[in-house]
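Dropping work-v1.pdb in here (PDB, C-alpha atoms):
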ATOM      1  CA  MET A 281     110.449 116.052 135.485
ATOM      2  CA  SER A 282     113.607 117.239 133.710
ATOM      3  CA  THR A 283     113.504 119.230 130.488
ATOM      4  CA  LYS A 284     115.200 116.355 128.628
ATOM      5  CA  THR A 285     112.589 113.884 129.849
ATOM      6  CA  THR A 286     109.792 116.282 128.905
ATOM      7  CA  LEU A 287     111.182 116.697 125.401
ATOM      8  CA  LYS A 288     111.252 112.919 124.961
ATOM      9  CA  PHE A 289     107.666 112.767 126.245
ATOM     10  CA  LEU A 290     106.658 115.197 123.513
ATOM     11  CA  ASP A 291     108.072 112.823 120.874
ATOM     12  CA  ILE A 292     105.553 110.055 121.651
ATOM     13  CA  SER A 293     103.194 109.093 118.803
ATOM     14  CA  PRO A 294     100.488 111.808 118.603
ATOM     15  CA  LEU A 295      97.709 109.259 118.059
ATOM     16  CA  SER A 296      98.742 107.155 121.067
ATOM     17  CA  ILE A 297      99.270 109.990 123.543
ATOM     18  CA  THR A 298      96.052 111.744 122.468
ATOM     19  CA  THR A 299      94.094 108.589 123.279
ATOM     20  CA  VAL A 300      95.750 108.308 126.700
ATOM     21  CA  LEU A 301      95.056 111.974 127.510
ATOM     22  CA  ILE A 302      91.394 111.604 126.573
ATOM     23  CA  VAL A 303      91.164 108.652 128.974
ATOM     24  CA  LEU A 304      92.570 110.968 131.671
ATOM     25  CA  LEU A 305      89.813 113.472 130.887
ATOM     26  CA  ILE A 306      87.229 110.728 131.421
ATOM     27  CA  MET A 307      88.738 109.568 134.740
ATOM     28  CA  PRO A 308      87.065 112.277 136.909
ATOM     29  CA  PHE A 309      83.746 110.505 136.331
ATOM     30  CA  TRP A 310      85.136 107.571 138.366
ATOM     31  CA  PHE A 311      85.572 109.808 141.416
ATOM     32  CA  ASN A 312      82.986 111.447 143.636
ATOM     33  CA  GLY A 313      82.122 114.828 142.172
ATOM     34  CA  ILE A 314      80.795 117.934 143.867
ATOM     35  CA  GLU A 315      77.095 118.593 143.234
ATOM     36  CA  GLY A 316      77.244 116.628 139.986
ATOM     37  CA  VAL A 317      80.429 118.300 138.786
ATOM     38  CA  HIS A 318      83.273 115.924 137.836
ATOM     39  CA  ARG A 319      86.525 117.740 137.079
ATOM     40  CA  TRP A 320      89.012 116.318 139.554
ATOM     41  CA  ILE A 321      91.124 113.205 140.003
ATOM     42  CA  THR A 322      91.789 112.520 143.669
ATOM     43  CA  PHE A 323      94.831 110.822 145.165
ATOM     44  CA  GLY A 324      94.644 110.863 148.945
ATOM     45  CA  PRO A 325      94.550 114.521 150.039
ATOM     46  CA  PHE A 326      95.475 115.781 146.535
ATOM     47  CA  ASN A 327      92.955 116.883 143.918
ATOM     48  CA  PHE A 328      94.101 117.395 140.340
ATOM     49  CA  TYR A 329      92.072 119.590 137.989
ATOM     50  CA  ILE A 330      92.774 117.247 135.113
ATOM     51  CA  ALA A 331      91.479 119.392 132.235
ATOM     52  CA  SER A 332      93.995 122.147 133.028
ATOM     53  CA  ILE A 333      96.802 119.563 132.777
ATOM     54  CA  SER A 334      95.566 117.542 129.802
ATOM     55  CA  LEU A 335      94.165 120.180 127.450
ATOM     56  CA  PRO A 336      97.391 122.133 126.755
ATOM     57  CA  ILE A 337      99.134 118.836 125.956
ATOM     58  CA  LEU A 338      96.185 117.718 123.840
ATOM     59  CA  ILE A 339      96.359 120.959 121.854
ATOM     60  CA  VAL A 340     100.009 120.192 121.056
ATOM     61  CA  TYR A 341      99.280 116.642 119.899
ATOM     62  CA  LEU A 342      96.126 117.546 117.997
ATOM     63  CA  TRP A 343      98.177 120.125 116.142
ATOM     64  CA  LYS A 344     100.740 117.406 115.386
ATOM     65  CA  LEU A 345      97.979 115.142 114.079
ATOM     66  CA  SER A 346      96.676 117.938 111.855
ATOM     67  CA  ILE A 347     100.064 118.655 110.256
ATOM     68  CA  ASN A 348     100.633 114.916 109.764
ATOM     69  CA  LYS A 349      97.474 114.820 107.641
ATOM     70  CA  HIS A 350      95.423 112.893 110.226
ATOM     71  CA  LEU A 351      92.672 115.467 109.910
ATOM     72  CA  SER A 352      89.751 113.091 110.471
ATOM     73  CA  PHE A 353      91.289 111.883 113.755
ATOM     74  CA  THR A 354      91.982 115.488 114.765
ATOM     75  CA  ILE A 355      88.399 116.597 114.194
ATOM     76  CA  GLY A 356      86.928 113.498 115.842
ATOM     77  CA  PHE A 357      89.128 113.863 118.936
ATOM     78  CA  MET A 358      88.346 117.569 119.258
ATOM     79  CA  PHE A 359      84.593 117.073 119.323
ATOM     80  CA  LEU A 360      84.929 114.046 121.622
ATOM     81  CA  ILE A 361      86.886 116.218 124.070
ATOM     82  CA  GLU A 362      84.265 118.959 123.865
ATOM     83  CA  GLY A 363      81.577 116.383 124.646
ATOM     84  CA  ILE A 364      83.496 115.107 127.690
ATOM     85  CA  LEU A 365      83.971 118.649 129.005
ATOM     86  CA  LEU A 366      80.280 119.372 128.439
ATOM     87  CA  MET A 367      79.342 116.415 130.640
ATOM     88  CA  GLN A 368      81.733 117.379 133.446
ATOM     89  CA  PRO A 369      80.485 120.252 132.984
ATOM     90  CA  ASP A 370      83.221 122.843 132.440
ATOM     91  CA  ALA A 371      82.165 125.846 130.363
ATOM     92  CA  GLY A 372      85.444 127.672 130.932
ATOM     93  CA  GLN A 373      87.607 124.871 129.559
ATOM     94  CA  ILE A 374      85.149 124.147 126.729
ATOM     95  CA  THR A 375      85.361 127.795 125.627
ATOM     96  CA  ALA A 376      89.157 127.932 125.832
ATOM     97  CA  PHE A 377      89.651 124.595 124.063
ATOM     98  CA  ALA A 378      87.101 125.460 121.353
ATOM     99  CA  CYS A 379      88.981 128.681 120.557
ATOM    100  CA  ALA A 380      92.307 126.836 120.334
ATOM    101  CA  SER A 381      90.786 124.044 118.223
ATOM    102  CA  THR A 382      89.220 126.543 115.834
ATOM    103  CA  ILE A 383      92.644 128.060 115.142
ATOM    104  CA  ILE A 384      94.116 124.617 114.384
ATOM    105  CA  LEU A 385      91.249 123.472 112.157
ATOM    106  CA  TRP A 386      90.957 126.805 110.384
ATOM    107  CA  ARG A 387      94.568 126.438 109.263
ATOM    108  CA  ALA A 388      94.339 122.684 108.547
ATOM    109  CA  ILE A 389      91.003 122.388 106.701
ATOM    110  CA  GLU A 390      91.199 123.508 103.086
ATOM    111  CA  ASN A 391      87.480 123.315 102.276
ATOM    112  CA  SER A 392      85.781 126.573 103.303
ATOM    113  CA  ILE A 393      82.408 124.898 103.911
ATOM    114  CA  TRP A 394      83.902 122.427 106.400
ATOM    115  CA  LYS A 395      85.707 125.264 108.118
ATOM    116  CA  TYR A 396      82.408 126.977 108.852
ATOM    117  CA  ILE A 397      80.708 123.710 109.801
ATOM    118  CA  SER A 398      83.419 123.025 112.384
ATOM    119  CA  LEU A 399      83.098 126.598 113.645
ATOM    120  CA  LEU A 400      79.335 126.185 114.087
ATOM    121  CA  LEU A 401      79.785 122.880 115.925
ATOM    122  CA  PHE A 402      82.297 124.441 118.324
ATOM    123  CA  ALA A 403      79.893 127.347 118.859
ATOM    124  CA  PHE A 404      77.152 124.842 119.707
ATOM    125  CA  PHE A 405      79.274 123.230 122.430
ATOM    126  CA  VAL A 406      80.288 126.602 123.863
ATOM    127  CA  ILE A 407      76.726 127.949 123.939
ATOM    128  CA  ALA A 408      75.371 124.716 125.422
ATOM    129  CA  SER A 409      78.023 124.781 128.153
ATOM    130  CA  TRP A 410      77.086 128.324 129.189
ATOM    131  CA  ILE A 411      73.387 127.478 129.192
ATOM    132  CA  PHE A 412      73.941 124.472 131.465
ATOM    133  CA  LEU A 413      76.422 126.044 133.874
ATOM    134  CA  ASP A 414      77.291 124.276 137.103
ATOM    135  CA  HIS A 415      75.988 125.754 140.356
ATOM    136  CA  LEU A 416      79.132 125.510 142.441
ATOM    137  CA  ALA A 417      79.674 128.456 144.744
ATOM    138  CA  PRO A 418      82.908 130.362 144.084
ATOM    139  CA  VAL A 419      85.856 130.038 146.438
ATOM    140  CA  PRO A 420      87.202 133.593 146.952
ATOM    141  CA  TYR A 421      90.914 132.740 146.780
ATOM    142  CA  VAL A 422      90.385 130.550 143.681
ATOM    143  CA  GLU A 423      87.689 131.917 141.367
ATOM    144  CA  GLN A 424      87.691 135.480 142.720
ATOM    145  CA  ILE A 425      91.354 135.972 143.503
ATOM    146  CA  ILE A 426      91.742 138.854 141.053
ATOM    147  CA  PHE A 427      88.987 140.735 142.890
ATOM    148  CA  LEU A 428      90.679 140.046 146.215
ATOM    149  CA  VAL A 429      93.850 141.544 144.762
ATOM    150  CA  ALA A 430      91.844 144.565 143.564
ATOM    151  CA  ASP A 431      90.576 145.118 147.112
ATOM    152  CA  MET A 432      94.204 145.322 148.278
ATOM    153  CA  GLY A 433      94.934 148.337 146.109
ATOM    154  CA  SER A 434      95.358 149.553 142.530
ATOM    155  CA  ILE A 435      99.105 148.910 142.436
ATOM    156  CA  LEU A 436      98.712 145.245 143.396
ATOM    157  CA  LEU A 437      95.877 144.876 140.895
ATOM    158  CA  PHE A 438      98.083 146.332 138.155
ATOM    159  CA  LEU A 439     100.923 143.981 139.077
ATOM    160  CA  GLY A 440      98.528 141.013 139.158
ATOM    161  CA  VAL A 441      97.127 141.772 135.703
ATOM    162  CA  LEU A 442     100.653 142.398 134.390
ATOM    163  CA  ALA A 443     101.761 139.002 135.723
ATOM    164  CA  LEU A 444      98.868 137.308 133.910
ATOM    165  CA  LEU A 445      99.719 139.088 130.653
ATOM    166  CA  LEU A 446     103.357 138.040 130.973
ATOM    167  CA  LEU A 447     102.200 134.414 131.223
ATOM    168  CA  ILE A 448     100.637 134.484 127.769
ATOM    169  CA  TYR A 449     103.135 136.871 126.162
ATOM    170  CA  PRO A 450     105.563 134.102 125.026
ATOM    171  CA  PHE A 451     102.836 132.634 122.812
ATOM    172  CA  PHE A 452     102.133 135.907 121.012
ATOM    173  CA  VAL A 453     105.574 137.426 120.389
ATOM    174  CA  PRO A 454     106.075 138.114 116.656
ATOM    175  CA  TRP A 455     108.586 135.375 115.862
ATOM    176  CA  LYS A 456     106.302 132.713 117.341
ATOM    177  CA  LYS A 457     103.147 133.532 115.408
ATOM    178  CA  ASP A 458     102.570 130.006 114.148
ATOM    179  CA  THR A 459      99.437 127.915 114.462
ATOM    180  CA  LEU A 460     100.416 126.050 117.635
ATOM    181  CA  SER A 461     101.661 129.149 119.466
ATOM    182  CA  LEU A 462      98.486 131.054 118.608
ATOM    183  CA  ALA A 463      96.289 128.111 119.636
ATOM    184  CA  LEU A 464      98.017 127.704 123.004
ATOM    185  CA  GLY A 465      98.115 131.459 123.580
ATOM    186  CA  LEU A 466      94.407 131.752 122.848
ATOM    187  CA  TYR A 467      93.663 128.803 125.135
ATOM    188  CA  PHE A 468      95.450 130.380 128.098
ATOM    189  CA  LEU A 469      94.031 133.822 127.334
ATOM    190  CA  MET A 470      90.475 132.454 127.356
ATOM    191  CA  THR A 471      91.027 130.540 130.616
ATOM    192  CA  ILE A 472      91.855 133.926 132.132
ATOM    193  CA  LEU A 473      89.016 135.892 130.524
ATOM    194  CA  VAL A 474      86.250 133.429 131.448
ATOM    195  CA  THR A 475      87.016 133.978 135.133
ATOM    196  CA  PHE A 476      85.576 137.496 134.815
ATOM    197  CA  VAL A 477      82.185 136.246 133.596
ATOM    198  CA  GLY A 478      81.771 132.983 135.504
ATOM    199  CA  HIS A 479      82.928 131.066 138.555
ATOM    200  CA  PHE A 480      86.051 129.508 137.065
ATOM    201  CA  PRO A 481      89.485 129.207 138.693
ATOM    202  CA  MET A 482      92.021 131.818 137.673
ATOM    203  CA  PRO A 483      94.882 129.755 136.161
ATOM    204  CA  ILE A 484      98.299 129.871 137.822
ATOM    205  CA  MET A 485      97.356 132.739 140.131
ATOM    206  CA  GLY A 486      94.333 131.194 141.808
ATOM    207  CA  TYR A 487      94.509 127.431 141.501
ATOM    208  CA  GLY A 488      97.150 124.963 142.721
ATOM    209  CA  ILE A 489      99.662 122.973 140.741
ATOM    210  CA  SER A 490      97.438 121.589 137.951
ATOM    211  CA  PRO A 491      97.356 124.646 135.635
ATOM    212  CA  THR A 492     101.076 125.176 136.277
ATOM    213  CA  ILE A 493     101.880 121.672 135.005
ATOM    214  CA  GLY A 494      99.862 122.233 131.824
ATOM    215  CA  TYR A 495     101.425 125.647 131.284
ATOM    216  CA  LEU A 496     105.007 124.428 131.725
ATOM    217  CA  ILE A 497     104.489 121.558 129.292
ATOM    218  CA  ALA A 498     102.994 123.973 126.742
ATOM    219  CA  ILE A 499     105.971 126.327 127.059
ATOM    220  CA  THR A 500     108.342 123.356 126.750
ATOM    221  CA  ALA A 501     106.574 122.196 123.582
ATOM    222  CA  ILE A 502     106.933 125.615 121.965
ATOM    223  CA  GLN A 503     110.609 125.693 122.895
ATOM    224  CA  LYS A 504     111.169 122.189 121.465
ATOM    225  CA  ILE A 505     109.517 123.134 118.179
ATOM    226  CA  LYS A 506     111.660 126.270 117.985
ATOM    227  CA  ILE A 507     114.813 124.149 118.490
ATOM    228  CA  GLU A 508     113.689 121.684 115.793
ATOM    229  CA  GLN A 509     112.945 124.493 113.335
ATOM    230  CA  THR A 510     116.348 126.067 113.992
ATOM    231  CA  LYS A 511     118.074 122.725 113.317
ATOM    232  CA  LYS A 512     116.150 122.267 110.068
ATOM    233  CA  GLU A 513     117.064 125.781 108.940
ATOM    234  CA  ARG A 514     120.749 125.105 109.624
ATOM    235  CA  ILE A 515     120.630 121.824 107.682
ATOM    236  CA  TYR A 516     118.833 123.548 104.788
ATOM    237  CA  LYS A 517     121.475 126.313 104.653
ATOM    238  CA  ARG A 518     124.216 123.707 104.402
TER     239      ARG A 518
END

Go ahead and express the file in the form of structure tokens.
Amino acid sequence: MSTKTTLKFLDISPLSITTVLIVLLIMPFWFNGIEGVHRWITFGPFNFYIASISLPILIVYLWKLSINKHLSFTIGFMFLIEGILLMQPDAGQITAFACASTIILWRAIENSIWKYISLLLFAFFVIASWIFLDHLAPVPYVEQIIFLVADMGSILLFLGVLALLLLIYPFFVPWKKDTLSLALGLYFLMTILVTFVGHFPMPIMGYGISPTIGYLIAITAIQKIKIEQTKKERIYKR
């Protein structure tokens, strides 16, 4: 997919694309899961971890809905997504998405009471997901890859951790400290941190192409927004 095509993809109506992406999140239930866990869409020999592709894009479009004053749709979609992830079940993605969603809603909701209500509801989903964890055994080169790297020596461990930090750095650099950048940065940070406390795949480093697709689209979205803001600033100065 070219950068130009991706940028056009990001211009699709937020309400329409959010609906389509939620349908994609539901699709794993149509495929055979593993021990009651439904997180993958299968095409022949290929398995796609759909949440790691869809959620970064959903964060972008939910943010767009929130700034376009479609707050009720934003809140409804967020809790619907949390419910879908809870049924898969996927505590790691629920935690990461809840953190990102909290950032978006905290900035979008003006009423303090509703801010705390939304925070409590997200906390409920996160706690419930960790109580009802799946019982899948970890695959060493997926969920425990960072520990495998540690066994190979301190230098490789340092380089591995540094590589992971560099992945999320673009979302936290000072000139990008806006709501969407922080939400996406927090999402990717949490997907990394949860791997140290549960059997979840380390993104990028430990799990196939799916997280890479989601990450690249997120980076592209941030870049597109930066370009749009620069254009607006130039027009304003004129």

### Task
List the residues sitting within 12 Å of (97.7, 120.8, 119.0) in the file's frame, using all atoms listed in the file, as a PyMOL selection string.
chain A and resi 290+294-295+297-298+334-348+351+354-355+357-358+377-385+387-388+458-465+467+498+501-502

### Output of the PyMOL selection byres ((chain A and resi 327-333) around 6), listed as a list in words
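Going through the file, the PyMOL selection byres ((chain A and resi 327-333) around 6) ends up selecting Arg319, Trp320, Ile321, Thr322, Phe326, Ser334, Leu335, Ser490, Pro491, Ile493 and Gly494 of chain A.
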
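If you look at CA of Ile505 (chain A) and CA of Leu466 (chain A), they are 18.0 Å away from each other.
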
Might you pull out every residue within 8 Å of region 305-318 of chain A, with all atoms listed in the file counted and same-chain residues fewer than 5 positions away left off, and present them as a tab-separated table (two decimals) with C-alpha atoms, in the coordinates of the input?
chain	number	residue	atom	x	y	z
A	330	ILE	CA	92.77	117.25	135.11
A	331	ALA	CA	91.48	119.39	132.24
A	334	SER	CA	95.57	117.54	129.80
A	361	ILE	CA	86.89	116.22	124.07
A	364	ILE	CA	83.50	115.11	127.69
A	368	GLN	CA	81.73	117.38	133.45
A	369	PRO	CA	80.48	120.25	132.98
A	414	ASP	CA	77.29	124.28	137.10
A	415	HIS	CA	75.99	125.75	140.36
A	416	LEU	CA	79.13	125.51	142.44

### Message
Under the rule that only C-alpha atoms are counted, which of A:Val300, A:Ile499, A:Ile507, A:Leu473 is the nearest residue to Val441 (chain A)?
### Response
A:Leu473
